[in-house]
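Listing of structure.txt, compact mmCIF, C-alpha atoms
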```txt
# COMPACT_ATOMS: atom_id res chain seq x y z
CA MET A 1 15.37 10.10 2.18
CA SER A 2 11.85 8.73 2.13
CA GLN A 3 12.67 5.06 2.34
CA ALA A 4 12.34 2.17 4.78
CA LYS A 5 14.26 -1.06 5.05
CA SER A 6 13.55 -4.48 6.45
CA LYS A 7 14.74 -8.01 6.44
CA VAL A 8 12.37 -10.40 4.73
CA GLY A 9 10.08 -12.41 6.98
CA ARG A 10 7.58 -15.13 6.22
CA THR A 11 6.00 -15.77 2.86
CA ILE A 12 2.30 -16.54 3.18
CA PHE A 13 0.51 -18.34 0.37
CA ALA A 14 -3.25 -18.21 0.56
CA ARG A 15 -6.11 -19.33 -1.59
CA LEU A 16 -8.67 -16.59 -2.07
CA ASP A 17 -12.20 -17.89 -2.28
CA GLU A 18 -14.90 -17.44 -4.88
CA ASN A 19 -16.95 -14.27 -4.31
CA GLU A 20 -14.45 -12.64 -1.93
CA ASP A 21 -13.69 -9.02 -2.64
CA LEU A 22 -10.06 -8.91 -3.78
CA LEU A 23 -8.96 -5.98 -1.58
CA ASN A 24 -10.78 -7.32 1.47
CA ALA A 25 -9.38 -10.79 0.91
CA ILE A 26 -5.79 -9.55 0.85
CA LYS A 27 -6.39 -7.39 3.92
CA GLU A 28 -8.00 -10.26 5.79
CA ARG A 29 -5.04 -12.59 5.11
CA ALA A 30 -2.58 -9.90 6.18
CA GLU A 31 -4.48 -9.19 9.41
CA ARG A 32 -5.00 -12.86 10.19
CA ASN A 33 -1.23 -13.31 10.02
CA ARG A 34 -0.43 -10.00 11.75
CA VAL A 35 1.43 -8.66 8.72
CA ARG A 36 1.80 -4.90 9.09
CA ALA A 37 4.20 -4.34 6.20
CA GLY A 38 4.96 -6.36 3.11
CA PHE A 39 4.46 -6.87 -0.57
CA PHE A 40 2.31 -9.29 -2.50
CA PHE A 41 1.06 -10.57 -5.81
CA VAL A 42 -2.03 -12.40 -6.91
CA ILE A 43 -3.01 -14.48 -9.93
CA GLY A 44 -6.38 -16.08 -10.58
CA THR A 45 -9.68 -14.86 -11.95
CA VAL A 46 -12.34 -12.28 -11.12
CA LYS A 47 -16.03 -12.28 -12.00
CA LYS A 48 -15.98 -8.52 -12.46
CA ALA A 49 -13.64 -5.68 -11.62
CA VAL A 50 -13.59 -2.02 -10.64
CA LEU A 51 -10.36 -0.23 -11.53
CA GLY A 52 -9.38 3.29 -10.56
CA PHE A 53 -7.67 5.99 -12.59
CA TYR A 54 -6.33 8.84 -10.46
CA LYS A 55 -7.45 12.23 -11.77
CA ASN A 56 -8.35 15.54 -10.14
CA ALA A 57 -7.55 14.22 -6.68
CA ASP A 58 -9.83 11.20 -6.92
CA TYR A 59 -10.07 7.74 -8.41
CA LYS A 60 -12.33 7.67 -11.42
CA PRO A 61 -13.87 4.18 -11.44
CA ILE A 62 -13.71 1.94 -14.50
CA GLN A 63 -16.37 -0.78 -14.28
CA LEU A 64 -15.72 -4.13 -15.97
CA SER A 65 -18.73 -6.43 -15.82
CA GLU A 66 -17.41 -9.65 -17.29
CA PRO A 67 -15.26 -12.56 -16.09
CA LEU A 68 -11.56 -11.76 -16.37
CA GLU A 69 -8.20 -13.40 -15.77
CA ILE A 70 -6.07 -11.61 -13.16
CA VAL A 71 -3.13 -11.13 -15.52
CA CYS A 72 -1.05 -9.44 -12.85
CA CYS A 73 -1.77 -7.90 -9.47
CA THR A 74 1.04 -6.46 -7.36
CA GLY A 75 1.14 -4.17 -4.39
CA ASN A 76 2.05 -3.54 -0.80
CA VAL A 77 0.61 -3.57 2.69
CA SER A 78 1.32 -0.76 5.14
CA LEU A 79 -0.23 1.12 8.04
CA ARG A 80 -2.10 4.40 7.87
CA GLU A 81 -1.28 6.99 10.51
CA ASP A 82 -4.47 6.01 12.36
CA GLY A 83 -3.38 2.37 12.55
CA GLU A 84 -5.63 1.08 9.77
CA LEU A 85 -4.00 -1.50 7.50
CA VAL A 86 -3.93 -0.36 3.87
CA VAL A 87 -3.70 -2.69 0.90
CA HIS A 88 -2.45 -0.76 -2.12
CA ALA A 89 -2.78 -2.88 -5.24
CA HIS A 90 -2.67 -2.35 -8.98
CA ILE A 91 -4.03 -4.88 -11.43
CA ALA A 92 -4.12 -5.94 -15.04
CA VAL A 93 -7.06 -8.11 -16.09
CA GLY A 94 -7.67 -9.90 -19.38
CA ASN A 95 -10.94 -10.79 -21.05
CA GLU A 96 -11.95 -13.69 -23.28
CA ASP A 97 -10.20 -12.15 -26.27
CA GLY A 98 -7.01 -11.55 -24.31
CA HIS A 99 -7.65 -7.82 -24.25
CA VAL A 100 -6.19 -6.23 -21.12
CA PHE A 101 -7.49 -3.47 -18.84
CA GLY A 102 -5.64 -2.08 -15.88
CA GLY A 103 -5.44 0.40 -13.03
CA HIS A 104 -5.63 0.85 -9.28
CA VAL A 105 -7.67 -1.83 -7.50
CA LEU A 106 -10.91 -0.43 -6.06
CA PRO A 107 -13.50 -2.33 -3.99
CA GLY A 108 -15.67 -4.43 -6.27
CA CYS A 109 -13.15 -6.84 -7.78
CA VAL A 110 -14.84 -10.18 -7.04
CA ILE A 111 -12.75 -13.37 -7.01
CA GLY A 112 -13.81 -16.03 -9.53
CA VAL A 113 -13.00 -19.74 -9.26
CA THR A 114 -9.84 -18.99 -7.31
CA GLY A 115 -7.16 -16.49 -6.43
CA GLU A 116 -3.62 -17.36 -5.39
CA LEU A 117 -2.02 -14.83 -3.09
CA THR A 118 1.70 -14.66 -2.34
CA LEU A 119 2.33 -12.23 0.53
CA VAL A 120 5.87 -11.54 1.73
CA GLU A 121 6.21 -10.01 5.16
CA THR A 122 8.84 -7.37 5.88
CA PRO A 123 8.59 -7.17 9.67
CA ASN A 124 10.96 -4.24 10.29
CA ALA A 125 9.70 -1.88 7.63
CA ARG A 126 8.17 1.26 9.11
CA LEU A 127 5.82 2.07 6.28
CA LYS A 128 3.47 4.79 7.39
CA ARG A 129 0.75 6.33 5.19
CA VAL A 130 -0.06 9.96 5.93
CA PHE A 131 -2.99 11.82 4.43
CA GLU A 132 -2.00 14.48 1.90
CA GLU A 133 -4.98 16.77 1.65
CA LYS A 134 -4.11 18.37 -1.67
CA LEU A 135 -3.87 14.96 -3.35
CA ASN A 136 -6.63 13.31 -1.29
CA LEU A 137 -4.34 10.30 -0.91
CA TYR A 138 -2.60 8.47 1.93
CA LEU A 139 1.00 8.43 0.76
CA TRP A 140 4.10 6.92 2.32
CA SER A 141 5.93 9.13 4.76
CA LEU A 142 9.03 7.04 5.43
CA GLY A 143 11.39 7.69 8.26
CA GLU A 144 14.78 7.19 6.81
CA MET B 1 24.08 -23.46 -16.64
CA SER B 2 23.53 -19.73 -16.95
CA GLN B 3 22.13 -19.10 -13.51
CA ALA B 4 23.10 -17.38 -10.27
CA LYS B 5 21.88 -17.90 -6.73
CA SER B 6 21.71 -15.79 -3.63
CA LYS B 7 20.13 -15.58 -0.25
CA VAL B 8 17.63 -12.75 0.06
CA GLY B 9 18.89 -9.59 1.74
CA ARG B 10 17.13 -6.39 2.68
CA THR B 11 13.88 -5.19 1.21
CA ILE B 12 13.97 -1.46 0.52
CA PHE B 13 10.73 0.46 0.15
CA ALA B 14 11.08 3.91 -1.37
CA ARG B 15 8.77 6.63 -2.44
CA LEU B 16 9.61 7.91 -5.91
CA ASP B 17 8.98 11.61 -6.32
CA GLU B 18 6.94 13.56 -8.82
CA ASN B 19 8.88 14.33 -11.99
CA GLU B 20 11.63 11.79 -11.39
CA ASP B 21 12.51 9.64 -14.36
CA LEU B 22 11.41 6.11 -13.48
CA LEU B 23 14.60 4.31 -14.56
CA ASN B 24 16.85 6.90 -12.93
CA ALA B 25 14.81 6.83 -9.75
CA ILE B 26 15.16 3.06 -9.37
CA LYS B 27 18.88 3.25 -10.14
CA GLU B 28 19.40 6.05 -7.63
CA ARG B 29 17.67 4.12 -4.84
CA ALA B 30 19.69 0.99 -5.66
CA GLU B 31 22.98 2.92 -5.68
CA ARG B 32 22.15 4.86 -2.52
CA ASN B 33 21.65 1.53 -0.74
CA ARG B 34 24.61 -0.18 -2.45
CA VAL B 35 22.38 -2.80 -4.06
CA ARG B 36 24.32 -4.49 -6.85
CA ALA B 37 21.87 -7.30 -7.56
CA GLY B 38 18.19 -7.66 -6.85
CA PHE B 39 14.66 -7.53 -8.13
CA PHE B 40 11.95 -4.94 -7.76
CA PHE B 41 8.47 -3.76 -8.54
CA VAL B 42 6.79 -0.41 -8.71
CA ILE B 43 3.21 0.84 -8.61
CA GLY B 44 2.06 4.45 -8.88
CA THR B 45 1.47 6.83 -11.75
CA VAL B 46 3.41 8.43 -14.59
CA LYS B 47 2.74 11.70 -16.41
CA LYS B 48 3.95 10.20 -19.67
CA ALA B 49 5.86 7.11 -20.75
CA VAL B 50 8.30 5.82 -23.33
CA LEU B 51 8.15 2.07 -23.89
CA GLY B 52 10.51 0.01 -26.00
CA PHE B 53 9.77 -2.85 -28.37
CA TYR B 54 12.88 -4.83 -29.34
CA LYS B 55 13.20 -5.24 -33.10
CA ASN B 56 16.11 -5.39 -35.53
CA ALA B 57 18.66 -5.16 -32.71
CA ASP B 58 17.23 -2.00 -31.21
CA TYR B 59 14.39 -0.70 -29.08
CA LYS B 60 11.72 0.96 -31.14
CA PRO B 61 10.25 3.68 -28.88
CA ILE B 62 6.52 3.93 -28.22
CA GLN B 63 5.66 7.42 -26.94
CA LEU B 64 2.67 7.84 -24.62
CA SER B 65 1.93 11.47 -23.85
CA GLU B 66 -0.83 11.24 -21.27
CA PRO B 67 -1.08 10.53 -17.53
CA LEU B 68 -1.13 6.79 -16.85
CA GLU B 69 -1.40 4.40 -13.93
CA ILE B 70 1.63 2.13 -13.50
CA VAL B 71 -0.39 -1.07 -13.70
CA CYS B 72 2.66 -3.23 -13.18
CA CYS B 73 6.41 -2.66 -13.36
CA THR B 74 8.83 -5.49 -12.57
CA GLY B 75 12.49 -6.03 -13.22
CA ASN B 76 15.97 -6.59 -11.92
CA VAL B 77 19.16 -4.77 -11.02
CA SER B 78 22.55 -6.12 -12.06
CA LEU B 79 26.04 -4.99 -13.04
CA ARG B 80 27.36 -4.53 -16.54
CA GLU B 81 30.82 -5.87 -17.27
CA ASP B 82 32.18 -2.30 -16.97
CA GLY B 83 30.74 -1.95 -13.47
CA GLU B 84 27.76 0.20 -14.43
CA LEU B 85 24.55 -0.64 -12.60
CA VAL B 86 21.77 -1.64 -14.99
CA VAL B 87 18.07 -1.40 -14.18
CA HIS B 88 16.13 -3.69 -16.50
CA ALA B 89 12.42 -3.02 -16.17
CA HIS B 90 9.26 -3.83 -18.09
CA ILE B 91 6.03 -1.98 -17.53
CA ALA B 92 2.29 -2.00 -18.18
CA VAL B 93 0.53 1.35 -17.96
CA GLY B 94 -3.18 2.11 -18.08
CA ASN B 95 -4.96 5.22 -19.31
CA GLU B 96 -8.17 6.91 -18.23
CA ASP B 97 -10.28 4.31 -20.02
CA GLY B 98 -8.36 1.43 -18.45
CA HIS B 99 -6.68 0.65 -21.77
CA VAL B 100 -3.23 -0.85 -21.22
CA PHE B 101 0.07 -0.36 -23.08
CA GLY B 102 3.28 -2.18 -22.28
CA GLY B 103 6.89 -2.87 -23.10
CA HIS B 104 10.48 -2.36 -22.01
CA VAL B 105 11.00 0.77 -19.87
CA LEU B 106 13.02 3.42 -21.73
CA PRO B 107 14.16 6.79 -20.34
CA GLY B 108 11.29 9.26 -20.39
CA CYS B 109 8.80 7.63 -18.03
CA VAL B 110 8.09 10.52 -15.64
CA ILE B 111 6.68 9.78 -12.18
CA GLY B 112 3.31 11.39 -11.44
CA VAL B 113 1.93 12.06 -7.94
CA THR B 114 3.90 9.15 -6.53
CA GLY B 115 5.65 5.88 -7.17
CA GLU B 116 6.09 3.09 -4.64
CA LEU B 117 9.21 1.00 -5.14
CA THR B 118 9.82 -2.38 -3.51
CA LEU B 119 13.43 -3.45 -4.09
CA VAL B 120 14.67 -6.79 -2.78
CA GLU B 121 18.42 -7.19 -2.50
CA THR B 122 20.11 -10.46 -3.36
CA PRO B 123 23.61 -9.78 -2.07
CA ASN B 124 25.36 -12.94 -3.28
CA ALA B 125 24.02 -13.07 -6.83
CA ARG B 126 26.75 -12.62 -9.40
CA LEU B 127 24.64 -11.15 -12.16
CA LYS B 128 26.90 -9.84 -14.89
CA ARG B 129 25.67 -8.23 -18.11
CA VAL B 130 27.92 -8.73 -21.12
CA PHE B 131 27.47 -6.93 -24.41
CA GLU B 132 26.29 -9.16 -27.24
CA GLU B 133 27.17 -7.32 -30.40
CA LYS B 134 24.83 -9.17 -32.71
CA LEU B 135 21.83 -8.35 -30.53
CA ASN B 136 23.08 -4.92 -29.39
CA LEU B 137 22.05 -5.87 -25.87
CA TYR B 138 23.77 -6.39 -22.53
CA LEU B 139 22.56 -9.84 -21.55
CA TRP B 140 23.21 -11.90 -18.44
CA SER B 141 26.28 -14.07 -18.54
CA LEU B 142 25.88 -16.04 -15.33
CA GLY B 143 28.63 -18.08 -13.78
CA GLU B 144 27.00 -21.20 -12.63
CA MET C 1 -7.68 -21.66 6.76
CA SER C 2 -6.34 -22.56 3.34
CA GLN C 3 -2.90 -21.02 3.66
CA ALA C 4 0.72 -22.09 3.95
CA LYS C 5 3.73 -20.30 5.35
CA SER C 6 7.44 -20.48 4.80
CA LYS C 7 10.65 -18.64 5.38
CA VAL C 8 12.24 -17.36 2.18
CA GLY C 9 15.05 -19.47 0.75
CA ARG C 10 17.34 -18.88 -2.19
CA THR C 11 16.65 -16.56 -5.06
CA ILE C 12 17.63 -18.12 -8.38
CA PHE C 13 18.23 -15.91 -11.39
CA ALA C 14 18.34 -17.73 -14.71
CA ARG C 15 18.63 -16.77 -18.31
CA LEU C 16 16.02 -18.50 -20.43
CA ASP C 17 17.25 -19.35 -23.89
CA GLU C 18 15.91 -18.54 -27.31
CA ASN C 19 13.29 -21.05 -28.48
CA GLU C 20 12.65 -22.55 -25.07
CA ASP C 21 9.02 -22.98 -24.15
CA LEU C 22 8.34 -20.53 -21.31
CA LEU C 23 6.47 -22.95 -19.02
CA ASN C 24 8.97 -25.74 -19.60
CA ALA C 25 11.89 -23.40 -19.06
CA ILE C 26 10.60 -22.28 -15.65
CA LYS C 27 9.85 -25.86 -14.66
CA GLU C 28 13.30 -27.03 -15.74
CA ARG C 29 15.05 -24.35 -13.68
CA ALA C 30 12.90 -25.16 -10.65
CA GLU C 31 13.58 -28.89 -10.96
CA ARG C 32 17.30 -28.39 -11.58
CA ASN C 33 17.49 -26.48 -8.31
CA ARG C 34 15.12 -28.79 -6.43
CA VAL C 35 12.61 -26.00 -5.82
CA ARG C 36 9.29 -27.53 -4.79
CA ALA C 37 7.54 -24.33 -3.74
CA GLY C 38 8.17 -20.72 -4.60
CA PHE C 39 7.19 -17.71 -6.62
CA PHE C 40 8.73 -16.13 -9.68
CA PHE C 41 8.65 -13.48 -12.34
CA VAL C 42 10.01 -13.21 -15.84
CA ILE C 43 10.76 -10.37 -18.23
CA GLY C 44 12.11 -10.70 -21.78
CA THR C 45 10.57 -11.43 -25.13
CA VAL C 46 8.61 -14.21 -26.83
CA LYS C 47 8.40 -15.07 -30.53
CA LYS C 48 4.78 -16.07 -30.13
CA ALA C 49 2.40 -16.81 -27.29
CA VAL C 50 -0.57 -18.94 -26.33
CA LEU C 51 -2.68 -17.50 -23.53
CA GLY C 52 -5.55 -19.18 -21.76
CA PHE C 53 -8.90 -17.78 -20.65
CA TYR C 54 -10.72 -20.01 -18.18
CA LYS C 55 -14.31 -20.68 -19.24
CA ASN C 56 -16.68 -23.63 -18.95
CA ALA C 57 -14.13 -25.65 -16.99
CA ASP C 58 -11.37 -25.31 -19.56
CA TYR C 59 -8.77 -22.90 -20.87
CA LYS C 60 -9.82 -21.38 -24.15
CA PRO C 61 -6.56 -20.72 -26.05
CA ILE C 62 -5.73 -17.29 -27.46
CA GLN C 63 -3.04 -17.61 -30.15
CA LEU C 64 -0.67 -14.69 -30.73
CA SER C 65 1.62 -15.26 -33.71
CA GLU C 66 3.94 -12.29 -33.56
CA PRO C 67 7.03 -11.27 -31.54
CA LEU C 68 6.03 -9.75 -28.20
CA GLU C 69 7.65 -8.19 -25.15
CA ILE C 70 6.95 -10.08 -21.92
CA VAL C 71 5.49 -7.07 -20.15
CA CYS C 72 4.92 -9.00 -16.96
CA CYS C 73 4.86 -12.67 -16.02
CA THR C 74 4.27 -13.73 -12.42
CA GLY C 75 3.34 -16.99 -10.78
CA ASN C 76 4.14 -19.79 -8.42
CA VAL C 77 5.59 -23.28 -8.30
CA SER C 78 3.95 -26.01 -6.27
CA LEU C 79 3.42 -29.78 -6.22
CA ARG C 80 0.42 -31.64 -7.52
CA GLU C 81 -0.96 -34.41 -5.32
CA ASP C 82 0.79 -36.96 -7.59
CA GLY C 83 4.17 -35.29 -7.03
CA GLU C 84 4.34 -33.49 -10.38
CA LEU C 85 5.76 -29.98 -10.21
CA VAL C 86 3.27 -27.39 -11.47
CA VAL C 87 4.23 -23.97 -12.79
CA HIS C 88 1.23 -21.66 -12.63
CA ALA C 89 1.95 -18.44 -14.50
CA HIS C 90 -0.02 -15.51 -15.84
CA ILE C 91 1.40 -13.15 -18.42
CA ALA C 92 0.94 -9.81 -20.14
CA VAL C 93 2.63 -9.40 -23.52
CA GLY C 94 3.00 -6.29 -25.67
CA ASN C 95 3.28 -5.98 -29.42
CA GLU C 96 5.10 -3.51 -31.64
CA ASP C 97 2.43 -0.87 -31.05
CA GLY C 98 2.54 -1.35 -27.30
CA HIS C 99 -0.83 -3.05 -27.34
CA VAL C 100 -1.11 -5.59 -24.51
CA PHE C 101 -2.70 -9.05 -24.37
CA GLY C 102 -2.87 -11.21 -21.30
CA GLY C 103 -4.02 -14.39 -19.62
CA HIS C 104 -2.97 -17.72 -18.18
CA VAL C 105 0.28 -19.06 -19.68
CA LEU C 106 -0.31 -22.15 -21.83
CA PRO C 107 2.33 -24.26 -23.59
CA GLY C 108 3.46 -22.56 -26.78
CA CYS C 109 4.97 -19.33 -25.45
CA VAL C 110 8.39 -19.43 -27.14
CA ILE C 111 11.26 -17.37 -25.68
CA GLY C 112 12.75 -14.77 -28.05
CA VAL C 113 16.24 -13.26 -27.70
CA THR C 114 16.19 -13.79 -23.97
CA GLY C 115 14.14 -14.28 -20.85
CA GLU C 116 15.21 -13.31 -17.35
CA LEU C 117 13.75 -15.46 -14.59
CA THR C 118 13.75 -14.54 -10.90
CA LEU C 119 12.64 -17.54 -8.84
CA VAL C 120 12.33 -17.26 -5.05
CA GLU C 121 12.27 -20.51 -3.13
CA THR C 122 10.03 -20.97 -0.10
CA PRO C 123 11.36 -24.25 1.23
CA ASN C 124 8.84 -24.85 4.03
CA ALA C 125 5.65 -24.07 2.16
CA ARG C 126 3.42 -27.09 1.82
CA LEU C 127 1.63 -26.08 -1.34
CA LYS C 128 -0.35 -29.03 -2.63
CA ARG C 129 -2.52 -28.94 -5.74
CA VAL C 130 -5.53 -31.24 -5.68
CA PHE C 131 -7.72 -31.97 -8.68
CA GLU C 132 -11.19 -30.45 -8.45
CA GLU C 133 -13.29 -32.36 -10.91
CA LYS C 134 -16.09 -29.86 -11.26
CA LEU C 135 -13.65 -27.09 -12.22
CA ASN C 136 -11.21 -29.37 -14.09
CA LEU C 137 -8.38 -27.57 -12.29
CA TYR C 138 -5.66 -28.49 -9.82
CA LEU C 139 -6.20 -25.96 -7.05
CA TRP C 140 -4.31 -25.36 -3.84
CA SER C 141 -5.44 -27.40 -0.88
CA LEU C 142 -3.38 -25.85 1.90
CA GLY C 143 -2.98 -27.41 5.29
CA GLU C 144 -3.18 -24.57 7.70
```
Show me, as structure tokens, the structure contained in the file I just sent.
Amino acid sequence: MSQAKSKVGRTIFARLDENEDLLNAIKERAERNRVRAGFFFVIGTVKKAVLGFYKNADYKPIQLSEPLEIVCCTGNVSLREDGELVVHAHIAVGNEDGHVFGGHVLPGCVIGVTGELTLVETPNARLKRVFEEKLNLYLWSLGE
Amino acid sequence: MSQAKSKVGRTIFARLDENEDLLNAIKERAERNRVRAGFFFVIGTVKKAVLGFYKNADYKPIQLSEPLEIVCCTGNVSLREDGELVVHAHIAVGNEDGHVFGGHVLPGCVIGVTGELTLVETPNARLKRVFEEKLNLYLWSLGE
Amino acid sequence: MSQAKSKVGRTIFARLDENEDLLNAIKERAERNRVRAGFFFVIGTVKKAVLGFYKNADYKPIQLSEPLEIVCCTGNVSLREDGELVVHAHIAVGNEDGHVFGGHVLPGCVIGVTGELTLVETPNARLKRVFEEKLNLYLWSLGE
């Protein structure tokens, strides 16, 4: 069936600090609170961003070198088969003219004056990411 | 008052498969799990998309015929007055250059390598959609 | 640590009415239901929008004077140090061509035919916004 279910656990609100890397910051808050599965969203600003577009089994990076509003950032937290915590996030960012860019969040999105993270824990969800060689991606392999 | 309340029930995580229609895929996962009211979000990719812009009592379709990242897709699940389950979703998608398009999700958004659905059930919410002839839309008519 | 935790409380679904101001409408539904902390999202349409881009310690307004789909609107509700309820929302909106604009939600986003709000209460979260003079922003000062 490729799905997993859980009750909802704690909601964790965290302020992300200036100059933190967005992906690292989310991962750090999840690990600090021992969240192994959940979903989240973030609003705030970034000083620059690196977005990914999946093509030919890799993420082509899109570099944005200007301050941007985090218009929307949603995603999930789950465990890789080797036990590593994976933050999978997508993002839309807006520039000074309101023009929006978007894609998969890659390392290099640097928090601006602040980021506001809402992370909802789903303690019973067995979300496991398994490497699929053909796609070069860790995708969910869900038990149920 | 036009509102409805519920406790939060199960969170269902599901992997959406390549070539599934996005709207159908969400509906199928909701029905399979007997979710009659809830909210959701999706990240992943689509091979192409059809977005709607509401104008003159109809959705004008916007056809996008290229692979796209699902930058953000949020929405809700509720019942129409005739008992049909309705998935109401809006989406932002990003192309290879990071350029973003968005609107109401119409049939024809085809999942790419994967989609990751997070669906939160709200079991007590009496969300009923009633047809409003002037607008040609099923809108919420909420009890409270 | 700059974080706050809570169990999840009620989910409130509300229909936002034509011509309501988006920020006011969210605040009114939160206050009506005595929600002092939580997170939300909205889909629907607006007749026009005013987005903010944070720069030089202020929000530069971006005026959009056409009907738009609310592609995505996410945010949180928390209390300012003086007890005032603050709705902090970011938004992406799409026009008739599917072109997307985005930023911080400022007053002046006017609901179109309908808006659908999903507001999740987090009753134990002590989310306090404190004025930071240098930034000219009320930012989270979280206890834990």
Compute the set of chain B residues within 9 Å of chain C, using only C-alpha atoms, and express it as a PDB file with C-alpha atoms, in the frame of the given file.
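And here's iface.pdb as it stands now:
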```
ATOM      1  CA  MET B   1      24.080 -23.460 -16.640  1.00  0.00           C
ATOM      2  CA  SER B   2      23.530 -19.730 -16.950  1.00  0.00           C
ATOM      3  CA  GLN B   3      22.130 -19.100 -13.510  1.00  0.00           C
ATOM      4  CA  ALA B   4      23.100 -17.380 -10.270  1.00  0.00           C
ATOM      5  CA  LYS B   5      21.880 -17.900  -6.730  1.00  0.00           C
ATOM      6  CA  SER B   6      21.710 -15.790  -3.630  1.00  0.00           C
ATOM      7  CA  LYS B   7      20.130 -15.580  -0.250  1.00  0.00           C
ATOM      8  CA  VAL B   8      17.630 -12.750   0.060  1.00  0.00           C
ATOM      9  CA  PHE B  39      14.660  -7.530  -8.130  1.00  0.00           C
ATOM     10  CA  LEU B  51       8.150   2.070 -23.890  1.00  0.00           C
ATOM     11  CA  GLY B  52      10.510   0.010 -26.000  1.00  0.00           C
ATOM     12  CA  PHE B  53       9.770  -2.850 -28.370  1.00  0.00           C
ATOM     13  CA  TYR B  54      12.880  -4.830 -29.340  1.00  0.00           C
ATOM     14  CA  LYS B  55      13.200  -5.240 -33.100  1.00  0.00           C
ATOM     15  CA  LYS B  60      11.720   0.960 -31.140  1.00  0.00           C
ATOM     16  CA  ILE B  62       6.520   3.930 -28.220  1.00  0.00           C
ATOM     17  CA  CYS B  72       2.660  -3.230 -13.180  1.00  0.00           C
ATOM     18  CA  CYS B  73       6.410  -2.660 -13.360  1.00  0.00           C
ATOM     19  CA  THR B  74       8.830  -5.490 -12.570  1.00  0.00           C
ATOM     20  CA  GLY B  75      12.490  -6.030 -13.220  1.00  0.00           C
ATOM     21  CA  ASN B  76      15.970  -6.590 -11.920  1.00  0.00           C
ATOM     22  CA  HIS B  88      16.130  -3.690 -16.500  1.00  0.00           C
ATOM     23  CA  ALA B  89      12.420  -3.020 -16.170  1.00  0.00           C
ATOM     24  CA  HIS B  90       9.260  -3.830 -18.090  1.00  0.00           C
ATOM     25  CA  ILE B  91       6.030  -1.980 -17.530  1.00  0.00           C
ATOM     26  CA  ALA B  92       2.290  -2.000 -18.180  1.00  0.00           C
ATOM     27  CA  HIS B  99      -6.680   0.650 -21.770  1.00  0.00           C
ATOM     28  CA  VAL B 100      -3.230  -0.850 -21.220  1.00  0.00           C
ATOM     29  CA  PHE B 101       0.070  -0.360 -23.080  1.00  0.00           C
ATOM     30  CA  GLY B 102       3.280  -2.180 -22.280  1.00  0.00           C
ATOM     31  CA  GLY B 103       6.890  -2.870 -23.100  1.00  0.00           C
ATOM     32  CA  HIS B 104      10.480  -2.360 -22.010  1.00  0.00           C
ATOM     33  CA  THR B 122      20.110 -10.460  -3.360  1.00  0.00           C
ATOM     34  CA  ALA B 125      24.020 -13.070  -6.830  1.00  0.00           C
ATOM     35  CA  LEU B 127      24.640 -11.150 -12.160  1.00  0.00           C
ATOM     36  CA  LEU B 135      21.830  -8.350 -30.530  1.00  0.00           C
ATOM     37  CA  LEU B 139      22.560  -9.840 -21.550  1.00  0.00           C
ATOM     38  CA  TRP B 140      23.210 -11.900 -18.440  1.00  0.00           C
ATOM     39  CA  SER B 141      26.280 -14.070 -18.540  1.00  0.00           C
ATOM     40  CA  LEU B 142      25.880 -16.040 -15.330  1.00  0.00           C
TER      41      LEU B 142
END
```
Hey, what's within 8 Å of Glu81 in chain B if we count only C-alpha atoms and toss same-chain stuff fewer than 6 positions away? As a VMD selection string, please?
-> chain B and resid 128 to 131
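In this comparison, which uses all atoms listed in the file, the residue of B:Gly38, B:Ala30, B:Val87, B:Val110 approaching Glu18 in chain B most closely is B:Val110.
Here CA of Gly83 in chain A stands at a distance of 21.4 Å from CA of Lys134 in chain A.
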Atom-to-atom span, CA of Asn136 in chain B and CA of Gly112 in chain C, Å | 14.3 Å
One decimal, Å: what's the distance from CA of Asp58 in chain C over to CA of Leu23 in chain C, could you say?
->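 Separation of CA of Asp58 in chain C and CA of Leu23 in chain C: 18.0 Å.
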Given only C-alpha atoms as the counted atoms, nearest of A:Arg34, A:Arg126, A:Pro107, A:Asn24 to Gly143 in chain A = A:Arg126
Between A:Leu22, A:Val86, A:Ala57, A:Val105, single out the one closest to Glu132 in chain A, counting only C-alpha atoms.
-> A:Ala57
Can we get range 57-61 of chain B of that structure written down with N, CA, C and O atoms, as a JSON list (two decimals), in the first residue's frame?
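Writing the result to result-v7.json gives the following:
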```
[["chain", "number", "residue", "atom", "x", "y", "z"],
["B", 57, "ALA", "N", -17.25, 32.40, -13.36],
["B", 57, "ALA", "CA", -17.93, 31.19, -12.89],
["B", 57, "ALA", "C", -17.39, 29.90, -13.49],
["B", 57, "ALA", "O", -18.15, 28.93, -13.65],
["B", 58, "ASP", "N", -16.12, 29.89, -13.80],
["B", 58, "ASP", "CA", -15.52, 28.64, -14.26],
["B", 58, "ASP", "C", -14.00, 28.70, -14.06],
["B", 58, "ASP", "O", -13.45, 29.76, -13.83],
["B", 59, "TYR", "N", -13.38, 27.52, -14.14],
["B", 59, "TYR", "CA", -11.92, 27.48, -14.04],
["B", 59, "TYR", "C", -11.32, 27.49, -15.44],
["B", 59, "TYR", "O", -11.52, 26.57, -16.22],
["B", 60, "LYS", "N", -10.62, 28.57, -15.73],
["B", 60, "LYS", "CA", -9.87, 28.66, -16.97],
["B", 60, "LYS", "C", -8.62, 27.80, -16.82],
["B", 60, "LYS", "O", -7.83, 28.01, -15.88],
["B", 61, "PRO", "N", -8.41, 26.81, -17.69],
["B", 61, "PRO", "CA", -7.24, 25.94, -17.52],
["B", 61, "PRO", "C", -5.94, 26.57, -18.03],
["B", 61, "PRO", "O", -5.92, 27.25, -19.06]]
```
